[in-house]
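Shown next, in structure tokens, is the structure this report addresses.
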Amino acid sequence: MSIYGSSKQFELDGADEQLNCSIAHLKNSVPENGYVSAGKSEGYIYSWPRDSSIIARVLDDVGQLINDTSLNALAKNICYGLKMTQSQEGWWHQRYWPDGTVGPNWADIQKDQTALAIIAITDHYKHTDSIEFLNDMWGTVKNAADFLLLEGPSFDLWEEVLCNGHYFTTQSIIRALRDASYLAETLNHTEKMKSYREEVSRLEKSLGCFINNGSISCSVGEKIMTLSSNKENTDASIIGAHVLFDGKYINNPLIKKTSSVLVQRSSESFNINEGIDSVGIMRYGGDDYDGFEKGSQGNPWNITTLWMAQKEYMSGNLSGGDNFFNWVLKYMPKDGTLPEQVHRDTGKPHGEKNLMWSHAEYIKTYFSRMELGKNINENHYALADNNRIDN
């Protein structure tokens, strides 16, 4: 499938072919029970609710874009898989075996995973408009949303830091509770709708605590536990929060400053980024995880680099987005796989060699680029809102 027409959209070949491969990989990753294996290697056979929820959202979006209802059916499988694995308290464990039983973990309570499940279920309902599906899922959504109303610590997106305040986690909860209030209103659960909206309002007002010296910190408050002693507070998950949950602040100066710091640190840290404008992006400064063990020096990740591309496209910056997208294309394996990381010195695949989350972000980036190009050609692209981050 090619959606570029006759003109070449990228400096490097392979974008269309990789789209087809990435869609095929996601299609093949969803079994009937909906428990998506995060990758293909032995250590990645587990199903993470976070990865599964992101994949479900992409399948639903692409299913509508290319008019392929089989992709929406796969997203539905994932939603029902989430329903079956939810704990009685409303949250999800860190990861599960392919049969849905709880897998070994080191970072169980991750509130963004619970939030993302709500978001995926809401997105599927919006795509299908199925009241039957919504009625089946309301108990799952309600229990998850009620859990998110409770105070308590959470591990961060990268499953390394346990504390009471993470930017990505907070933004995920805001989006999830906003979605839950919408579903509650749809089903006439007025009291639940009100309680979720009240918490959204409170959390939005709290976002100012993450602002520090003109940029955004990824966490605040005392760290209860950390598996990454070198971790700095500028983190690509800050960008991820806005491309995944709420893009209306994407042009905010705080986001731009955070992006600039990430680009600078990534340029300084990785040999393959030296002397080039389009760089692969780290997870955060001080990352010492190389995909296999701690104590390394970290690498660029495809996910984080694609987030930066999406951010630029959402901002209306075609060439800026292409810089990051072309970096991914440059180091993309020719066999259609997409790794977790790219080695900092050699440019070879590193970590999990075929990460389904990487495929999901590639697909999102591709269609984000296509939409921007379409809007530019039609001369009616409107830049994102530049309101304050703390409302």
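Here, A, B, ... name the chains of the structure tokens in the order displayed, residue numbers run from 1 inside each chain, and ligands are numbered from 1 in the same displayed order.
Contact shell of Trp301 (chain A) at 10 Å (only C-alpha atoms; same-chain neighbours under 5 positions omitted): Ala236, Gly280, Ile281, Met282, Arg283, Asp290, Gly291, Leu306, Val328, Pro339, Glu340, Gln341, Val342, His343, Arg344, Pro349, His350, Gly351 and Ser358 of chain A.
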If you run DSSP over the backbone, which residues in region 167-291 of chain A end up helix (DSSP H, G or I)? Put them as a PyMOL selection string. chain A and resi 167-186+190-210+237-244+247-249+253-269+271-273
Produce a table with one row for each residue of region 222-313 of chain A that has an atom at most 12 Å from any atom of region 117-137 of chain A, each row naming the nearest atom pair and its distance in Å at one decimal; use only C-alpha atoms; arrange rows by chain and rising residue number; format as a tab-separated table.
```
residue	atom	partner	partner_atom	distance
A:Leu244	CA	A:Ile119	CA	10.0
A:Phe245	CA	A:Ile119	CA	8.8
A:Asp246	CA	A:Ile119	CA	11.8
```
Output file for the residues above (C-alpha atoms, as a CSV table (one decimal), in the first residue's frame):
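Writing done, so here's selection_24.csv:
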```csv
chain,number,residue,atom,x,y,z
A,244,LEU,CA,-0.1,10.0,23.3
A,245,PHE,CA,-2.6,11.9,25.4
A,246,ASP,CA,-3.0,15.6,24.7
```
Could you give me, as a PyMOL selection string, each residue of region 35-266 of chain A that DSSP assigns to strand (DSSP E or B) when run on this structure's backbone? chain A and resi 47+96+102+154-155+161-166+211-212+215-216+219-226+235
Output for the residues just chosen: N, CA and C atoms as a PDB file, in the first residue's frame:
```pdb
ATOM      1  N   SER A  47       3.278 -10.145  27.902  1.00  0.00           N
ATOM      2  CA  SER A  47       2.319  -9.149  27.443  1.00  0.00           C
ATOM      3  C   SER A  47       2.237  -8.030  28.466  1.00  0.00           C
ATOM      4  N   TYR A  96       2.270 -10.100  31.809  1.00  0.00           N
ATOM      5  CA  TYR A  96       1.567 -11.376  31.876  1.00  0.00           C
ATOM      6  C   TYR A  96       2.208 -12.365  30.906  1.00  0.00           C
ATOM      7  N   VAL A 102      -0.277 -14.067  35.519  1.00  0.00           N
ATOM      8  CA  VAL A 102       0.646 -12.998  35.894  1.00  0.00           C
ATOM      9  C   VAL A 102       2.087 -13.474  35.749  1.00  0.00           C
ATOM     10  N   SER A 154       3.582   5.262  42.238  1.00  0.00           N
ATOM     11  CA  SER A 154       3.559   4.495  41.004  1.00  0.00           C
ATOM     12  C   SER A 154       4.967   4.464  40.433  1.00  0.00           C
ATOM     13  N   PHE A 155       5.304   3.370  39.767  1.00  0.00           N
ATOM     14  CA  PHE A 155       6.515   3.357  38.969  1.00  0.00           C
ATOM     15  C   PHE A 155       6.294   4.213  37.725  1.00  0.00           C
ATOM     16  N   VAL A 161      11.603   4.030  38.483  1.00  0.00           N
ATOM     17  CA  VAL A 161      11.523   4.956  39.615  1.00  0.00           C
ATOM     18  C   VAL A 161      10.133   4.882  40.240  1.00  0.00           C
ATOM     19  N   LEU A 162      10.084   4.630  41.536  1.00  0.00           N
ATOM     20  CA  LEU A 162       8.831   4.618  42.293  1.00  0.00           C
ATOM     21  C   LEU A 162       8.739   5.896  43.110  1.00  0.00           C
ATOM     22  N   CYS A 163       7.743   6.723  42.809  1.00  0.00           N
ATOM     23  CA  CYS A 163       7.501   7.924  43.609  1.00  0.00           C
ATOM     24  C   CYS A 163       6.071   8.382  43.382  1.00  0.00           C
ATOM     25  N   ASN A 164       5.696   9.475  44.020  1.00  0.00           N
ATOM     26  CA  ASN A 164       4.303   9.931  43.987  1.00  0.00           C
ATOM     27  C   ASN A 164       3.998  10.881  42.842  1.00  0.00           C
ATOM     28  N   GLY A 165       5.003  11.295  42.056  1.00  0.00           N
ATOM     29  CA  GLY A 165       4.730  12.269  41.006  1.00  0.00           C
ATOM     30  C   GLY A 165       5.526  12.049  39.743  1.00  0.00           C
ATOM     31  N   HIS A 166       4.887  11.570  38.700  1.00  0.00           N
ATOM     32  CA  HIS A 166       5.501  11.418  37.381  1.00  0.00           C
ATOM     33  C   HIS A 166       4.675  12.193  36.357  1.00  0.00           C
ATOM     34  N   ILE A 211       7.200  22.042  36.440  1.00  0.00           N
ATOM     35  CA  ILE A 211       7.936  23.056  35.682  1.00  0.00           C
ATOM     36  C   ILE A 211       9.173  23.489  36.470  1.00  0.00           C
ATOM     37  N   ASN A 212      10.329  23.464  35.792  1.00  0.00           N
ATOM     38  CA  ASN A 212      11.586  23.798  36.465  1.00  0.00           C
ATOM     39  C   ASN A 212      12.548  24.435  35.462  1.00  0.00           C
ATOM     40  N   SER A 215      11.715  24.349  31.630  1.00  0.00           N
ATOM     41  CA  SER A 215      11.399  23.074  30.993  1.00  0.00           C
ATOM     42  C   SER A 215      10.602  22.226  31.978  1.00  0.00           C
ATOM     43  N   ILE A 216      10.318  21.011  31.600  1.00  0.00           N
ATOM     44  CA  ILE A 216       9.465  20.147  32.409  1.00  0.00           C
ATOM     45  C   ILE A 216      10.293  19.012  32.982  1.00  0.00           C
ATOM     46  N   SER A 219       9.783  13.871  36.974  1.00  0.00           N
ATOM     47  CA  SER A 219       9.260  13.420  38.263  1.00  0.00           C
ATOM     48  C   SER A 219       9.515  14.492  39.307  1.00  0.00           C
ATOM     49  N   VAL A 220       8.708  14.468  40.347  1.00  0.00           N
ATOM     50  CA  VAL A 220       8.861  15.412  41.455  1.00  0.00           C
ATOM     51  C   VAL A 220       8.691  14.651  42.762  1.00  0.00           C
ATOM     52  N   GLY A 221       9.222  15.226  43.822  1.00  0.00           N
ATOM     53  CA  GLY A 221       9.057  14.616  45.124  1.00  0.00           C
ATOM     54  C   GLY A 221      10.117  13.561  45.413  1.00  0.00           C
ATOM     55  N   GLU A 222      10.059  13.051  46.615  1.00  0.00           N
ATOM     56  CA  GLU A 222      11.040  12.061  47.055  1.00  0.00           C
ATOM     57  C   GLU A 222      10.839  10.736  46.328  1.00  0.00           C
ATOM     58  N   LYS A 223      11.920  10.165  45.875  1.00  0.00           N
ATOM     59  CA  LYS A 223      11.873   8.871  45.208  1.00  0.00           C
ATOM     60  C   LYS A 223      11.896   7.764  46.249  1.00  0.00           C
ATOM     61  N   ILE A 224      10.852   6.951  46.258  1.00  0.00           N
ATOM     62  CA  ILE A 224      10.756   5.849  47.214  1.00  0.00           C
ATOM     63  C   ILE A 224      11.741   4.749  46.852  1.00  0.00           C
ATOM     64  N   MET A 225      11.885   4.521  45.552  1.00  0.00           N
ATOM     65  CA  MET A 225      12.834   3.524  45.068  1.00  0.00           C
ATOM     66  C   MET A 225      13.259   3.903  43.663  1.00  0.00           C
ATOM     67  N   THR A 226      14.520   3.668  43.330  1.00  0.00           N
ATOM     68  CA  THR A 226      14.977   3.923  41.974  1.00  0.00           C
ATOM     69  C   THR A 226      15.946   2.844  41.542  1.00  0.00           C
ATOM     70  N   ASP A 235      13.357  14.045  30.171  1.00  0.00           N
ATOM     71  CA  ASP A 235      12.993  12.676  29.803  1.00  0.00           C
ATOM     72  C   ASP A 235      12.094  12.709  28.573  1.00  0.00           C
TER      73      ASP A 235
END
```
Closest pair table for region 98-147 of chain A residues within 7 Å of region 77-94 of chain A, only C-alpha atoms, as a tab-separated table:
```
residue	atom	partner	partner_atom	distance
A:Gly100	CA	A:Thr85	CA	6.4
A:Val102	CA	A:His93	CA	6.9
A:Asn105	CA	A:Gln94	CA	6.1
A:Ala107	CA	A:Gln94	CA	6.3
A:Asp108	CA	A:Gln94	CA	4.8
A:Ile109	CA	A:His93	CA	6.7
A:Gln110	CA	A:Gln94	CA	7.0
A:Gln113	CA	A:Trp92	CA	7.0
A:Thr114	CA	A:Trp91	CA	5.5
A:Ile121	CA	A:Cys79	CA	6.0
A:Thr140	CA	A:Lys83	CA	6.0
A:Asn143	CA	A:Gly90	CA	4.6
A:Ala144	CA	A:Gly90	CA	4.3
A:Phe147	CA	A:Gly90	CA	5.7
```
My list of candidates is A:Arg197, A:Ser217, A:Tyr44, A:Gln171. Which is closest to Glu185 (chain A) when distances are computed with only C-alpha atoms? A:Arg197
Selection: 9 Å around Gly39 (chain A), only C-alpha atoms, excl. self and same-chain fewer than 6 positions, as a PDB file with N, CA and C atoms, in the first residue's frame:
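For reference, around.pdb as written:
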```
ATOM      1  N   SER A  29       0.730 -10.092  15.783  1.00  0.00           N
ATOM      2  CA  SER A  29       1.088 -10.126  17.204  1.00  0.00           C
ATOM      3  C   SER A  29      -0.107 -10.336  18.115  1.00  0.00           C
ATOM      4  N   ILE A  45       8.446 -12.262  25.429  1.00  0.00           N
ATOM      5  CA  ILE A  45       7.205 -12.972  25.121  1.00  0.00           C
ATOM      6  C   ILE A  45       6.065 -12.525  26.018  1.00  0.00           C
ATOM      7  N   TYR A  46       6.394 -11.775  27.078  1.00  0.00           N
ATOM      8  CA  TYR A  46       5.369 -11.315  28.005  1.00  0.00           C
ATOM      9  C   TYR A  46       4.466 -10.280  27.342  1.00  0.00           C
ATOM     10  N   SER A  47       3.278 -10.145  27.902  1.00  0.00           N
ATOM     11  CA  SER A  47       2.319  -9.149  27.443  1.00  0.00           C
ATOM     12  C   SER A  47       2.237  -8.030  28.466  1.00  0.00           C
ATOM     13  N   GLU A 352      15.670  -5.607  22.381  1.00  0.00           N
ATOM     14  CA  GLU A 352      14.705  -6.455  21.671  1.00  0.00           C
ATOM     15  C   GLU A 352      14.740  -6.118  20.181  1.00  0.00           C
ATOM     16  N   LYS A 353      14.961  -7.123  19.354  1.00  0.00           N
ATOM     17  CA  LYS A 353      15.198  -6.900  17.929  1.00  0.00           C
ATOM     18  C   LYS A 353      13.917  -6.622  17.140  1.00  0.00           C
ATOM     19  N   ASN A 354      12.764  -6.947  17.710  1.00  0.00           N
ATOM     20  CA  ASN A 354      11.517  -6.712  16.968  1.00  0.00           C
ATOM     21  C   ASN A 354      10.418  -6.344  17.963  1.00  0.00           C
ATOM     22  N   LEU A 355      10.405  -5.090  18.366  1.00  0.00           N
ATOM     23  CA  LEU A 355       9.504  -4.603  19.410  1.00  0.00           C
ATOM     24  C   LEU A 355       8.205  -4.101  18.791  1.00  0.00           C
ATOM     25  N   MET A 356       7.089  -4.669  19.223  1.00  0.00           N
ATOM     26  CA  MET A 356       5.804  -4.290  18.644  1.00  0.00           C
ATOM     27  C   MET A 356       5.464  -2.817  18.916  1.00  0.00           C
ATOM     28  N   TRP A 357       5.894  -2.305  20.048  1.00  0.00           N
ATOM     29  CA  TRP A 357       5.662  -0.895  20.360  1.00  0.00           C
ATOM     30  C   TRP A 357       6.388  -0.003  19.353  1.00  0.00           C
TER      31      TRP A 357
END
```
In Å to one decimal, how far is CA of Pro49 (chain A) from CA of Ser266 (chain A)?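 Here the two named atoms are 28.6 Å from each other.
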Which residue gives the smallest distance to Trp327 (chain A) among A:Ala15, A:Val62, A:Val261, A:Ala56, with only C-alpha atoms counted?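 Closest candidate: A:Ala15.
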